[in-house]
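Here is the structure we will look at, set down as structure tokens.
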Amino acid sequence: MGQEADISNGMNRREFLKTCSVGAAAFGLAAWFRARAASGVKPNIIFMVADNLGRESVGFYKDDATEASMELAIGTPRLDAMASRGVIFDNCLVATPLCGPARCGWNTGRHAYRVGMNSQPKPDDPESGVSPEEITIAEILKAVGYDTALFGKWNQGYAEKFSAVYQGFDEFYGSNAGHADYYTHVYDRDNKRHFYRNLTPINDEGYFDQLFTDEALKYLRKRKGNPKPFYLNLTFYAPHGPYQTPPGYDHSDDRMVNYKYMIQYLDSCVGRVLDEVQRLGMAENTLIVFLSDQGASTLNDFERNLAQGGLKVVCNALWPGRIPAGKRIQSPWLHLDLYAVFAGVAGAVIPQDRVIDARDVWPLFAGQEQAHDRTFYWTFGDEDAVRIGDMKLRMKDGEVLGLFDLATDADEEYNLASARPCQVTKMRSMLAKWKAQCEAQQTNTAESGTIVKKKF
């Protein structure tokens, strides 16, 4: 659960990270037993992410299929096979339905709004990005002995100070841009490449996701015989626009056909990683999670909003012998909870000097449904939402859009606001209080004072 910030302890980001390795000795065993692991060896963690991949396009979410997606007959055999061997999450909800803020969520364990990152980083703004004062999952894993690598889309800021190498990653090969041409790697909003190996600008030739996958496979092969655990974050651009067909596919004038080909190629890239993990004998000690970063897709005409269609994302996990095969979990949770899940299985300690919104939902990964007793908050653009149990209130420009009972109305078609005014009042008040707390704690504002600043 989130911890209220202890301002009085004076612990800054660097001091926290120094204490992690000591704290892990005390807390690691308990975290390991919580994770239902059988040995004392820390698992490798591979976290793969698709960009704008709709649930209707993935075989193991058949109930979300649309007539259009069925006509396309996309097919995701490798993802489907992975899902059949692990747990499928039917109600993983993204905390903010936009690329950069979504990445902020799993990297920091905090709502993007709390960080002050509720929109895309701006390439022309040197102060636009996730504050270096945040403590990332890569950093807390490094503190307990992990090697860390990120290959793919970073999208947490364009200035050098926001680089992944300053946020806990030993190796970075990828792009800072929100999207870019898959072949030229140029971002159309400023006509520049933001493609790096660590801090060095590069101009490698090839299709983005092929390059990222190749880099991930090289990394895995280099680790053969290395006893240290690793955290590998492989973040694809597919199937985010521009809709450019990958190598081996003929380009179509129909963007949806290209979208289909991009998803098929993405599926094959995931398969390449799974095959390499198996070939190298790493599978039994590797937790693999696959996620889509938002719900914008053909299901909702690629709109980013706080309706369930914009929040529910593709998510499944695999770990032979630790995660049950063929289990579907209905309990709702937030994608940023992965921060706490990864920390838990690694025996790492999460920060205590700031609010961490992530919860350790490992029991869901172990196949156990959990009581739905959590309040969820969202804010994005001109929309806000709060969910208590199955009741969800949506707001737009400060006005009530509707109150919905998701237990009987998953598509939010029947507005109950006029019938339950007291509940609307209560939920509006809770939402306003939450937003005010977040605004007071944002790490990228000079007025905050909640976090003791760290200098590199």
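Residue numbers start at 1 in each chain; chains themselves are named A, B, ... in the order of the structure tokens; ligands are numbered from 1 in the order shown.
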
Skip stretch 425-442 of chain A itself and residues of its chain fewer than 5 positions away, then list as JSON, numbers by chain all residues within 9 Å of it, counting only C-alpha atoms. {"A": [111, 113, 114, 115, 116, 117, 354, 355, 377, 378, 379, 384, 385, 386, 387, 388, 392, 393, 395, 400, 420, 447, 448, 449, 450, 451]}

What would the file look like if the residues just selected were written as a PDB file, in the first residue's frame with C-alpha atoms?
```pdb
ATOM      1  CA  HIS A 111       0.562   7.850 -10.121  1.00  0.00           C
ATOM      2  CA  TYR A 113      -0.290  12.873 -11.593  1.00  0.00           C
ATOM      3  CA  ARG A 114       1.499  12.602  -8.251  1.00  0.00           C
ATOM      4  CA  VAL A 115       4.847  12.803 -10.049  1.00  0.00           C
ATOM      5  CA  GLY A 116       3.645  15.741 -12.162  1.00  0.00           C
ATOM      6  CA  MET A 117       3.803  13.800 -15.409  1.00  0.00           C
ATOM      7  CA  ARG A 354       7.249   9.258  -0.201  1.00  0.00           C
ATOM      8  CA  VAL A 355       3.838   7.991  -1.190  1.00  0.00           C
ATOM      9  CA  TYR A 377      -8.184   7.247  -8.762  1.00  0.00           C
ATOM     10  CA  TRP A 378      -7.532   8.569 -12.254  1.00  0.00           C
ATOM     11  CA  THR A 379      -7.001  11.952 -13.823  1.00  0.00           C
ATOM     12  CA  ASP A 384     -11.202  12.501 -13.660  1.00  0.00           C
ATOM     13  CA  ALA A 385     -12.504   9.262 -12.225  1.00  0.00           C
ATOM     14  CA  VAL A 386     -12.713   7.411  -8.931  1.00  0.00           C
ATOM     15  CA  ARG A 387     -13.721   3.817  -8.292  1.00  0.00           C
ATOM     16  CA  ILE A 388     -14.812   2.323  -4.970  1.00  0.00           C
ATOM     17  CA  LYS A 392     -17.124   4.280 -10.694  1.00  0.00           C
ATOM     18  CA  LEU A 393     -17.664   8.027 -10.961  1.00  0.00           C
ATOM     19  CA  MET A 395     -15.999  13.576 -14.362  1.00  0.00           C
ATOM     20  CA  VAL A 400     -20.295  14.643 -13.547  1.00  0.00           C
ATOM     21  CA  ARG A 420     -27.521   8.118  -5.929  1.00  0.00           C
ATOM     22  CA  GLU A 447       6.961  24.181  -4.180  1.00  0.00           C
ATOM     23  CA  SER A 448       6.742  20.492  -3.259  1.00  0.00           C
ATOM     24  CA  GLY A 449       9.215  19.979  -0.421  1.00  0.00           C
ATOM     25  CA  THR A 450       7.900  16.456   0.102  1.00  0.00           C
ATOM     26  CA  ILE A 451      10.971  14.796  -1.342  1.00  0.00           C
TER      27      ILE A 451
END
```

Which of stretch 152-346 of chain A counts as strand (DSSP E or B) under DSSP, as JSON, numbers by chain please? {"A": [152, 153, 157, 171, 172, 173, 174, 175, 186, 187, 192, 193, 195, 196, 197, 200, 201, 230, 231, 232, 233, 234, 235, 286, 287, 288, 289, 290, 291, 292, 312, 315, 316, 317, 318, 327, 328, 329, 333, 334]}

Per DSSP on the backbone, filter stretch 128-216 of chain A down to the residues in helix (DSSP H, G or I) and report them as an MDAnalysis selection string. chainID A and resid 137:142 160:162 164:166 208:216

Please report, as CSV, each residue of stretch 68-123 of chain A lying at most 10 Å from stretch 265-282 of chain A, together with the nearest pair of atoms and the separation in Å rounded to one decimal; use only C-alpha atoms, and order rows by chain and ascending residue number.
```
residue,atom,partner,partner_atom,distance
A:Gly75,CA,A:Asp267,CA,8.6
A:Thr76,CA,A:Asp267,CA,5.6
A:Pro77,CA,A:Asp267,CA,7.2
A:Arg78,CA,A:Gly271,CA,5.3
A:Leu79,CA,A:Asp267,CA,6.1
A:Asp80,CA,A:Asp267,CA,9.2
A:Ala81,CA,A:Gly271,CA,9.2
A:Met82,CA,A:Leu274,CA,8.3
```

Now that the selection is made, can you save its residues with C-alpha atoms as an mmCIF file, in the first residue's frame?
```cif
data_model
loop_
_atom_site.group_PDB
_atom_site.id
_atom_site.type_symbol
_atom_site.label_atom_id
_atom_site.label_comp_id
_atom_site.auth_asym_id
_atom_site.auth_seq_id
_atom_site.Cartn_x
_atom_site.Cartn_y
_atom_site.Cartn_z
ATOM 1 C CA GLY A 75 -3.385 -14.025 -34.827
ATOM 2 C CA THR A 76 -0.972 -13.908 -31.868
ATOM 3 C CA PRO A 77 0.139 -17.550 -31.452
ATOM 4 C CA ARG A 78 3.237 -16.845 -29.353
ATOM 5 C CA LEU A 79 1.454 -14.522 -26.942
ATOM 6 C CA ASP A 80 -1.450 -16.957 -26.708
ATOM 7 C CA ALA A 81 0.919 -19.822 -25.936
ATOM 8 C CA MET A 82 2.684 -17.747 -23.283
#
```

Nearest to A:Pro239 among A:Ser252, A:Thr443, A:Asn258, A:Thr184, with distances taken over only C-alpha atoms: which residue is it?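 Smallest separation from A:Pro239 among the options: A:Asn258.
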